[in-house]
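Structure, as structure tokens:
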Amino acid sequence: MTLLHLSLSLFSCLLLVLAPTFIDSAHVSDPELVVQEVNQKINASRRNLGVLSCGTGNPIDDCWRCDRKWEKNRQRLADCAIGFGKHAIGGRDGKIYVVTDPSDKDVVNPKPGTLRHAVIQDEPLWIIFARDMVIKLKEELLMNSFKTIDGRGANVHIAGGACITVQYVTNIIIHGINIHDCKKRGNAYVRDSPSHYGWRTASDGDAVSIFGGSHVWVDHCSLSNCADGLVDAIHGSTAITISNNYLTHHNKVMLLGHSDSYTRDKNMQVTIAFNHFGEGLVQRMPRCRHGYFHVVNNDYTHWQMYAIGGSAAPTINSQGNRFLAPNDHVFKEVTKYEDAPQSKWKKWNWRSEGDLFLNGAFFTPAGGRASSSYAKASSLSARPSSLVASVTGNAGALYCKKGSRC
């Protein structure tokens with residue numbers, strides 16, 4: 001280990017000891033109080049992360065990845081969430097369900113041992129996989145509440161068919177899955193619980209579609225090349241964290257908010273943290289409407305049009321990210337204000353704080369910089385942008401072997 005790497009590791013450990021307490025993800029009525037709380041607790045640790053630190057500085061990973069017996073303590077992961085989705089417990093309080101069969105032949109009466117059979121159950125379940133598998137879903141995978149899909153310990157791909165839908169359910173964790181090449185499906189009957197199945201119209205072909213869902217955490221997934229979005233959240237969805245994912249080879253990456261006229265999304269709160277937005281991406285990282293969005297400590301190494309955009313006056317709080325602009329001089333701008341003249345969007349609240357801009361990248365802010373304006377879009381304390389390479393270096397589905405650290 002070089003002196004430089006040793007210094008960086010020690011610095012990362014120090015940061016973990018000084019890690020802040022994260023604010024509550026509930027909708028806040030007193031913005032100034034929340035800002036005061038964050039400032040007061042800036043040097044407090046939520047879980048004493050420095051004790052078990054692996055030196056990455058990533059508060060989610062350092063909460064669980066140091067444990068060599070992670071496979072015996074799988075459900076501990078649910079206590080490691082941060083941001084607006086930090087209360088998503090998934091199947092923490094339920095039994096372990098082992099998926100043994102990658103097939104998806106009957107979407108109305110799914111076979112026991114399949115992923116579809118697991119996710120529709122009424123009881124909380126922590127779903128794991130017996131071995132490596134590729135699951136080609138015949139129709140959308142309609143999840144029931146209080147479920148975790150945990151791909152650790154196996155190389156699991158959901159690919160080549162329909163993908164995951166989180167519709168009007170709560171407490172969902174999706175972790176460690178490769179989701180790619182998702183297709184549009186629909187016009188079919190699909191079961192969503194042991195006691196109900198119904199007719200599904202055509203789906204969009206998202207990797208993960210969150211429709212009226214709440215308390216949702218998507219972490220350490222590798223996402224690419226789907227028919228519509230990679231992660232879309234619409235129709236009143238809120239309390240969401242999208243973290244540690246590796247996103248590549250896609251056009252419209254992430255849509256947060258259904259439409260300019262759908263005002264129920266005004267209460268949407270989403271944290272986007274520690275993700276790597278990689279090669280082959282074009283736009284919408286994310287594209288926001290109405291709500292409150294904390295974009296923090298992500299690594300943006302590729303975009304072809306823009307990185308962060310929005311319409312309908314969303315509040316966007318960009319902190320501690322690294323933005324590497326494309327070589328094309330026309331697309332150096334990180335931001336894109338859509339469907340509004342400058343006279344309107346200049347009154348919205350979009351700020352960049354502590355971001356690192358490379359290769360001519362630049363962020364066009366709007367509105368004021370007062371902390372109170374961003375209280376509802378603040379969910380954790382940003383690390384310095386100089387640490388982005390460290391905290392995002394393991395983004396995507398991890399290789400986890402039993403008896404070893406992931």
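Please note that chains go A, B, ... in the order of the structure tokens, that every chain numbers its residues from 1, and that ligands are numbered from 1 in the order shown.
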
Could you build a table of the residues in region 178-247 of chain A lying no more than 12 Å from region 87-107 of chain A, giving for each the nearest pair of atoms and their separation in Å rounded to one decimal place, using only C-alpha atoms, ordered by chain and ascending residue number, as CSV?
residue,atom,partner,partner_atom,distance
A:Gly186,CA,A:Val107,CA,11.3
A:Ala188,CA,A:Val107,CA,9.1
A:Tyr189,CA,A:Val107,CA,7.5
A:Val190,CA,A:Val107,CA,5.3
A:Arg191,CA,A:Val107,CA,6.2
A:Asp192,CA,A:Val107,CA,9.2
A:Ser193,CA,A:Val107,CA,11.2
A:Pro194,CA,A:Val107,CA,11.7
A:His196,CA,A:Val107,CA,11.8
A:Tyr197,CA,A:Val107,CA,9.1
A:Gly198,CA,A:Val107,CA,10.6
A:Trp199,CA,A:Val107,CA,11.3
A:Arg200,CA,A:Val107,CA,11.4
A:Gly213,CA,A:Ala88,CA,11.0
A:Ser214,CA,A:Ala88,CA,8.2
A:His215,CA,A:Ala88,CA,4.5
A:Val216,CA,A:Ala88,CA,5.6
A:Trp217,CA,A:Ala88,CA,6.3
A:Val218,CA,A:Ala88,CA,10.0
A:Asp219,CA,A:Ala88,CA,11.6
A:Thr238,CA,A:Ala88,CA,11.2
A:Ala239,CA,A:His87,CA,8.1
A:Ile240,CA,A:Ala88,CA,8.3
A:Thr241,CA,A:Ala88,CA,8.9
A:Ile242,CA,A:Ala88,CA,11.7

Do you know which residues are at most 8 Å from Gly176 (chain A) counting only C-alpha atoms, after dropping those on the same chain fewer than 4 positions away, and could you put them as JSON, numbers by chain?
-> {"A": [150, 151, 152, 156, 219, 220, 221, 222, 396, 397, 398]}

Residues of the last selection are to be written out with N, CA, C and O atoms, as a PDB file, in the first residue's frame.
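The file below, out.pdb, is the result:
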ATOM      1  N   ASP A 150     -32.828 -10.103  -2.533  1.00  0.00           N
ATOM      2  CA  ASP A 150     -31.420 -10.006  -2.146  1.00  0.00           C
ATOM      3  C   ASP A 150     -30.602 -10.967  -3.002  1.00  0.00           C
ATOM      4  O   ASP A 150     -30.630 -12.187  -2.802  1.00  0.00           O
ATOM      5  N   GLY A 151     -29.851 -10.418  -3.937  1.00  0.00           N
ATOM      6  CA  GLY A 151     -29.088 -11.247  -4.858  1.00  0.00           C
ATOM      7  C   GLY A 151     -27.698 -11.625  -4.382  1.00  0.00           C
ATOM      8  O   GLY A 151     -26.966 -12.294  -5.116  1.00  0.00           O
ATOM      9  N   ARG A 152     -27.312 -11.221  -3.176  1.00  0.00           N
ATOM     10  CA  ARG A 152     -25.960 -11.517  -2.696  1.00  0.00           C
ATOM     11  C   ARG A 152     -25.700 -13.022  -2.625  1.00  0.00           C
ATOM     12  O   ARG A 152     -26.548 -13.789  -2.209  1.00  0.00           O
ATOM     13  N   VAL A 156     -27.355 -13.088 -10.254  1.00  0.00           N
ATOM     14  CA  VAL A 156     -28.761 -13.142 -10.651  1.00  0.00           C
ATOM     15  C   VAL A 156     -29.049 -12.050 -11.676  1.00  0.00           C
ATOM     16  O   VAL A 156     -28.779 -10.868 -11.432  1.00  0.00           O
ATOM     17  N   ASP A 219     -30.702  -0.708  -4.253  1.00  0.00           N
ATOM     18  CA  ASP A 219     -29.301  -0.572  -3.858  1.00  0.00           C
ATOM     19  C   ASP A 219     -28.435  -1.636  -4.521  1.00  0.00           C
ATOM     20  O   ASP A 219     -28.821  -2.803  -4.619  1.00  0.00           O
ATOM     21  N   HIS A 220     -27.269  -1.231  -4.970  1.00  0.00           N
ATOM     22  CA  HIS A 220     -26.261  -2.138  -5.535  1.00  0.00           C
ATOM     23  C   HIS A 220     -26.814  -3.013  -6.652  1.00  0.00           C
ATOM     24  O   HIS A 220     -26.518  -4.216  -6.721  1.00  0.00           O
ATOM     25  N   CYS A 221     -27.593  -2.431  -7.532  1.00  0.00           N
ATOM     26  CA  CYS A 221     -28.037  -3.139  -8.733  1.00  0.00           C
ATOM     27  C   CYS A 221     -27.277  -2.612  -9.949  1.00  0.00           C
ATOM     28  O   CYS A 221     -26.833  -1.464  -9.975  1.00  0.00           O
ATOM     29  N   SER A 222     -27.136  -3.463 -10.955  1.00  0.00           N
ATOM     30  CA  SER A 222     -26.566  -3.061 -12.240  1.00  0.00           C
ATOM     31  C   SER A 222     -27.703  -3.010 -13.250  1.00  0.00           C
ATOM     32  O   SER A 222     -28.381  -4.020 -13.476  1.00  0.00           O
ATOM     33  N   GLY A 396     -23.036  -0.983  -8.279  1.00  0.00           N
ATOM     34  CA  GLY A 396     -23.534  -2.118  -9.046  1.00  0.00           C
ATOM     35  C   GLY A 396     -23.610  -3.373  -8.200  1.00  0.00           C
ATOM     36  O   GLY A 396     -23.295  -3.377  -7.002  1.00  0.00           O
ATOM     37  N   ALA A 397     -24.073  -4.445  -8.821  1.00  0.00           N
ATOM     38  CA  ALA A 397     -24.176  -5.728  -8.118  1.00  0.00           C
ATOM     39  C   ALA A 397     -22.797  -6.201  -7.694  1.00  0.00           C
ATOM     40  O   ALA A 397     -21.868  -6.241  -8.502  1.00  0.00           O
ATOM     41  N   LEU A 398     -22.659  -6.567  -6.441  1.00  0.00           N
ATOM     42  CA  LEU A 398     -21.382  -6.988  -5.882  1.00  0.00           C
ATOM     43  C   LEU A 398     -21.150  -8.489  -6.052  1.00  0.00           C
ATOM     44  O   LEU A 398     -22.098  -9.274  -6.134  1.00  0.00           O
TER      45      LEU A 398
END

Shell of 9 Å around Ile179 (chain A), only C-alpha atoms, local chain residues under 6 positions omitted, as a VMD selection string = chain A and resid 156 to 159 163 to 164 207 to 208 221 to 226 230

Identify, on the basis of only C-alpha atoms, every residue whose closest approach to Asn73 (chain A) does not exceed 12 Å; exclude the query and any residue fewer than 2 positions from it along the same chain; express the result as a tab-separated table (two decimals) with N, CA and C atoms, in the first residue's frame.
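Saved the output as selection-v2.tsv:
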chain	number	residue	atom	x	y	z
A	64	TRP	N	-22.40	-2.84	6.56
A	64	TRP	CA	-22.60	-4.29	6.51
A	64	TRP	C	-21.49	-5.07	5.80
A	65	ARG	N	-20.73	-4.44	4.91
A	65	ARG	CA	-19.82	-5.20	4.06
A	65	ARG	C	-18.60	-5.75	4.78
A	66	CYS	N	-18.29	-5.22	5.95
A	66	CYS	CA	-17.14	-5.72	6.71
A	66	CYS	C	-17.40	-7.07	7.37
A	67	ASP	N	-18.64	-7.46	7.42
A	67	ASP	CA	-19.04	-8.68	8.12
A	67	ASP	C	-18.80	-9.90	7.23
A	68	ARG	N	-17.84	-10.74	7.61
A	68	ARG	CA	-17.57	-11.95	6.82
A	68	ARG	C	-18.72	-12.96	6.91
A	69	LYS	N	-19.56	-12.81	7.90
A	69	LYS	CA	-20.70	-13.71	8.07
A	69	LYS	C	-21.99	-13.05	7.60
A	70	TRP	N	-21.87	-12.22	6.56
A	70	TRP	CA	-23.04	-11.49	6.06
A	70	TRP	C	-24.18	-12.42	5.66
A	71	GLU	N	-23.84	-13.63	5.16
A	71	GLU	CA	-24.90	-14.54	4.70
A	71	GLU	C	-25.74	-15.07	5.87
A	75	GLN	N	-30.43	-10.00	6.98
A	75	GLN	CA	-31.48	-9.02	7.23
A	75	GLN	C	-30.98	-7.77	7.94
A	76	ARG	N	-29.73	-7.82	8.38
A	76	ARG	CA	-29.11	-6.62	8.95
A	76	ARG	C	-29.00	-5.52	7.91
A	77	LEU	N	-28.94	-5.90	6.65
A	77	LEU	CA	-28.86	-4.90	5.57
A	77	LEU	C	-29.97	-3.87	5.68
A	78	ALA	N	-31.15	-4.28	6.11
A	78	ALA	CA	-32.30	-3.37	6.18
A	78	ALA	C	-32.06	-2.21	7.12
A	79	ASP	N	-31.13	-2.37	8.04
A	79	ASP	CA	-30.83	-1.30	8.99
A	79	ASP	C	-29.76	-0.35	8.47
A	92	ARG	N	-37.38	-7.65	6.40
A	92	ARG	CA	-36.50	-7.81	7.57
A	92	ARG	C	-37.11	-8.66	8.68
A	96	ILE	N	-36.80	-16.27	5.58
A	96	ILE	CA	-35.99	-16.36	4.36
A	96	ILE	C	-36.72	-17.26	3.36
A	126	TRP	N	-37.74	-12.31	3.10
A	126	TRP	CA	-36.41	-11.92	2.62
A	126	TRP	C	-36.02	-12.97	1.58
A	152	ARG	N	-27.31	-11.22	-3.18
A	152	ARG	CA	-25.96	-11.52	-2.70
A	152	ARG	C	-25.70	-13.02	-2.62
A	402	LYS	N	-19.71	-16.53	0.23
A	402	LYS	CA	-19.95	-16.90	1.63
A	402	LYS	C	-18.63	-17.10	2.36
A	403	GLY	N	-18.54	-16.51	3.56
A	403	GLY	CA	-17.34	-16.62	4.35
A	403	GLY	C	-16.33	-15.54	4.09

For Lys332 (chain A), please output as a PyMOL selection string all residues within 12 Å (counting only C-alpha atoms; exclusion window: fewer than 6 positions along the same chain).
-> chain A and resi 302-308+323-326+357-364

Write the residues of the preceding selection, restricted to N, CA, C and O atoms, as an mmCIF file, in the first residue's frame.
data_model
loop_
_atom_site.group_PDB
_atom_site.id
_atom_site.type_symbol
_atom_site.label_atom_id
_atom_site.label_comp_id
_atom_site.auth_asym_id
_atom_site.auth_seq_id
_atom_site.Cartn_x
_atom_site.Cartn_y
_atom_site.Cartn_z
ATOM 1 N N HIS A 302 -20.547 9.844 -17.833
ATOM 2 C CA HIS A 302 -21.041 9.900 -19.215
ATOM 3 C C HIS A 302 -22.448 10.484 -19.272
ATOM 4 O O HIS A 302 -23.314 10.104 -18.487
ATOM 5 N N TRP A 303 -22.660 11.418 -20.167
ATOM 6 C CA TRP A 303 -23.992 11.777 -20.643
ATOM 7 C C TRP A 303 -23.842 12.355 -22.047
ATOM 8 O O TRP A 303 -22.789 12.889 -22.393
ATOM 9 N N GLN A 304 -24.865 12.198 -22.848
ATOM 10 C CA GLN A 304 -24.800 12.686 -24.218
ATOM 11 C C GLN A 304 -25.615 13.953 -24.442
ATOM 12 O O GLN A 304 -25.297 14.740 -25.332
ATOM 13 N N MET A 305 -26.658 14.173 -23.618
ATOM 14 C CA MET A 305 -27.465 15.385 -23.740
ATOM 15 C C MET A 305 -27.364 16.261 -22.491
ATOM 16 O O MET A 305 -26.958 17.407 -22.563
ATOM 17 N N TYR A 306 -27.764 15.704 -21.355
ATOM 18 C CA TYR A 306 -27.648 16.408 -20.080
ATOM 19 C C TYR A 306 -27.679 15.366 -18.965
ATOM 20 O O TYR A 306 -28.010 14.203 -19.189
ATOM 21 N N ALA A 307 -27.385 15.787 -17.743
ATOM 22 C CA ALA A 307 -27.422 14.863 -16.608
ATOM 23 C C ALA A 307 -28.701 15.042 -15.795
ATOM 24 O O ALA A 307 -29.474 14.112 -15.629
ATOM 25 N N ILE A 308 -28.936 16.231 -15.268
ATOM 26 C CA ILE A 308 -30.057 16.480 -14.358
ATOM 27 C C ILE A 308 -31.011 17.476 -14.987
ATOM 28 O O ILE A 308 -30.609 18.586 -15.363
ATOM 29 N N PHE A 323 -18.973 15.564 -11.890
ATOM 30 C CA PHE A 323 -19.551 15.632 -13.229
ATOM 31 C C PHE A 323 -18.428 15.754 -14.261
ATOM 32 O O PHE A 323 -17.685 16.748 -14.286
ATOM 33 N N LEU A 324 -18.306 14.751 -15.108
ATOM 34 C CA LEU A 324 -17.335 14.764 -16.200
ATOM 35 C C LEU A 324 -18.097 14.970 -17.508
ATOM 36 O O LEU A 324 -18.814 14.074 -17.969
ATOM 37 N N ALA A 325 -17.956 16.141 -18.098
ATOM 38 C CA ALA A 325 -18.726 16.482 -19.302
ATOM 39 C C ALA A 325 -18.214 15.725 -20.519
ATOM 40 O O ALA A 325 -17.033 15.368 -20.600
ATOM 41 N N PRO A 326 -19.102 15.504 -21.499
ATOM 42 C CA PRO A 326 -18.654 14.909 -22.765
ATOM 43 C C PRO A 326 -17.762 15.885 -23.527
ATOM 44 O O PRO A 326 -17.732 17.086 -23.227
ATOM 45 N N PHE A 357 -16.630 19.769 -11.105
ATOM 46 C CA PHE A 357 -16.933 19.850 -12.531
ATOM 47 C C PHE A 357 -15.658 19.677 -13.343
ATOM 48 O O PHE A 357 -14.683 20.407 -13.154
ATOM 49 N N LEU A 358 -15.680 18.701 -14.253
ATOM 50 C CA LEU A 358 -14.514 18.367 -15.059
ATOM 51 C C LEU A 358 -14.826 18.480 -16.547
ATOM 52 O O LEU A 358 -15.962 18.321 -16.974
ATOM 53 N N ASN A 359 -13.792 18.758 -17.325
ATOM 54 C CA ASN A 359 -13.890 18.824 -18.783
ATOM 55 C C ASN A 359 -14.928 19.856 -19.245
ATOM 56 O O ASN A 359 -15.623 19.649 -20.232
ATOM 57 N N GLY A 360 -15.032 20.953 -18.517
ATOM 58 C CA GLY A 360 -15.920 22.035 -18.922
ATOM 59 C C GLY A 360 -17.350 21.897 -18.470
ATOM 60 O O GLY A 360 -18.214 22.700 -18.870
ATOM 61 N N ALA A 361 -17.654 20.918 -17.633
ATOM 62 C CA ALA A 361 -19.025 20.757 -17.137
ATOM 63 C C ALA A 361 -19.431 21.969 -16.303
ATOM 64 O O ALA A 361 -18.602 22.564 -15.611
ATOM 65 N N PHE A 362 -20.714 22.334 -16.372
ATOM 66 C CA PHE A 362 -21.204 23.429 -15.541
ATOM 67 C C PHE A 362 -22.680 23.223 -15.203
ATOM 68 O O PHE A 362 -23.422 22.572 -15.939
ATOM 69 N N PHE A 363 -23.077 23.771 -14.073
ATOM 70 C CA PHE A 363 -24.420 23.629 -13.508
ATOM 71 C C PHE A 363 -25.054 25.017 -13.460
ATOM 72 O O PHE A 363 -24.480 25.940 -12.895
ATOM 73 N N THR A 364 -26.232 25.154 -14.053
ATOM 74 C CA THR A 364 -26.950 26.423 -14.023
ATOM 75 C C THR A 364 -27.936 26.409 -12.865
ATOM 76 O O THR A 364 -28.937 25.688 -12.914
#

Please, which residues of region 56-202 of chain A, numbered as in this document, come out alpha helix (DSSP H) from DSSP, as a ChimeraX atom specification?
-> /A:61-64,115-119

Just all heavy atoms for this one: save the residues we selected as a compact mmCIF listing (two decimals), in the first residue's frame.
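Listing of result_10.txt after writing:
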# COMPACT_ATOMS: atom_id res chain seq x y z
N ASP A 61 -22.31 0.84 2.69
CA ASP A 61 -21.44 -0.32 2.59
C ASP A 61 -20.70 -0.59 3.90
O ASP A 61 -20.55 -1.75 4.31
CB ASP A 61 -20.43 -0.12 1.46
CG ASP A 61 -21.06 -0.27 0.09
OD1 ASP A 61 -22.28 -0.52 0.01
OD2 ASP A 61 -20.34 -0.13 -0.91
N ASP A 62 -20.24 0.46 4.55
CA ASP A 62 -19.49 0.26 5.78
C ASP A 62 -20.37 -0.17 6.94
O ASP A 62 -19.86 -0.53 8.00
CB ASP A 62 -18.73 1.55 6.13
CG ASP A 62 -17.59 1.82 5.15
OD1 ASP A 62 -17.09 0.85 4.56
OD2 ASP A 62 -17.22 2.99 4.99
N CYS A 63 -21.66 -0.16 6.73
CA CYS A 63 -22.60 -0.66 7.74
C CYS A 63 -22.66 -2.19 7.74
O CYS A 63 -22.91 -2.79 8.77
CB CYS A 63 -23.98 -0.07 7.47
SG CYS A 63 -25.29 -0.64 8.56
N TRP A 64 -22.40 -2.84 6.56
CA TRP A 64 -22.60 -4.29 6.51
C TRP A 64 -21.49 -5.07 5.80
O TRP A 64 -21.29 -6.26 6.08
CB TRP A 64 -23.93 -4.63 5.84
CG TRP A 64 -23.98 -4.33 4.36
CD1 TRP A 64 -24.36 -3.16 3.78
CD2 TRP A 64 -23.63 -5.20 3.29
NE1 TRP A 64 -24.27 -3.24 2.40
CE2 TRP A 64 -23.83 -4.49 2.07
CE3 TRP A 64 -23.17 -6.52 3.22
CZ2 TRP A 64 -23.57 -5.03 0.83
CZ3 TRP A 64 -22.92 -7.07 1.97
CH2 TRP A 64 -23.13 -6.33 0.79
N LEU A 115 -39.32 -16.84 -8.30
CA LEU A 115 -39.30 -15.47 -7.79
C LEU A 115 -40.70 -14.88 -7.73
O LEU A 115 -41.06 -14.19 -6.77
CB LEU A 115 -38.38 -14.60 -8.67
CG LEU A 115 -38.27 -13.12 -8.29
CD1 LEU A 115 -37.76 -12.94 -6.87
CD2 LEU A 115 -37.37 -12.38 -9.29
N ARG A 116 -41.51 -15.16 -8.75
CA ARG A 116 -42.87 -14.61 -8.76
C ARG A 116 -43.69 -15.14 -7.59
O ARG A 116 -44.44 -14.39 -6.96
CB ARG A 116 -43.56 -14.92 -10.10
CG ARG A 116 -44.91 -14.20 -10.23
CD ARG A 116 -45.54 -14.42 -11.59
NE ARG A 116 -44.71 -13.96 -12.69
CZ ARG A 116 -44.68 -12.68 -13.11
NH1 ARG A 116 -45.42 -11.76 -12.49
NH2 ARG A 116 -43.91 -12.33 -14.12
N HIS A 117 -43.56 -16.40 -7.30
CA HIS A 117 -44.29 -16.96 -6.16
C HIS A 117 -43.87 -16.28 -4.86
O HIS A 117 -44.70 -16.02 -3.98
CB HIS A 117 -44.04 -18.47 -6.06
CG HIS A 117 -44.81 -19.14 -4.97
ND1 HIS A 117 -44.28 -19.35 -3.71
CD2 HIS A 117 -46.08 -19.63 -4.93
CE1 HIS A 117 -45.17 -19.93 -2.95
NE2 HIS A 117 -46.28 -20.13 -3.66
N ALA A 118 -42.58 -15.95 -4.74
CA ALA A 118 -42.07 -15.33 -3.52
C ALA A 118 -42.62 -13.91 -3.34
O ALA A 118 -43.11 -13.56 -2.26
CB ALA A 118 -40.55 -15.30 -3.55
N VAL A 119 -42.57 -13.10 -4.38
CA VAL A 119 -42.86 -11.66 -4.21
C VAL A 119 -44.35 -11.37 -4.01
O VAL A 119 -44.70 -10.29 -3.53
CB VAL A 119 -42.32 -10.82 -5.38
CG1 VAL A 119 -40.82 -11.00 -5.53
CG2 VAL A 119 -43.06 -11.12 -6.69

Can you work out the spacing between CA of Leu125 (chain A) and CA of Lys111 (chain A) in Å, to one decimal?
-> 16.5 Å

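Around Thr165 (chain A), within 10 Å and counting only C-alpha atoms, the residues found are A:Glu140, A:Leu141, A:Leu142, A:Met143, A:Asn144, A:Ala162, A:Tyr168, A:Val169, A:Ser203, A:Gly205, A:Asp206, A:Ala207, A:Val208, A:Ser209, A:Ile210, A:Phe211, A:Gly213, A:Asp232, once anything fewer than 3 positions away on its own chain is removed.
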
Once DSSP has gone over the backbone, tell me which residues of region 186-331 of chain A are in strand (DSSP E or B), as a PyMOL selection string.
-> chain A and resi 188-193+196-200+208-211+214-219+222-224+231-234+238-243+246-248+250-252+254-256+269-273+276-277+281-283+287-289+292-296+299-300+308-311+315-319+322-324

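Among the candidates A:Asn349, A:Gln283, A:His290, A:Phe277, the one nearest to Ser372 (chain A) when counting only C-alpha atoms is A:Asn349.
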
Point-to-point distance from CA of Asp265 (chain A) to CA of Gly310 (chain A), Å rounded to tenths |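 Computing it gives 13.0 Å between the two atoms.
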
Neighbours of Ala389 (chain A) within 9 Å (only C-alpha atoms; same-chain residues fewer than 5 positions away dropped), as a count of residues only?
-> 3

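Comparing A:Asn178, A:Arg351, A:Ser243, A:Gln167 by their smallest distance to Asn155 (chain A), the closest is A:Asn178 (using only C-alpha atoms).
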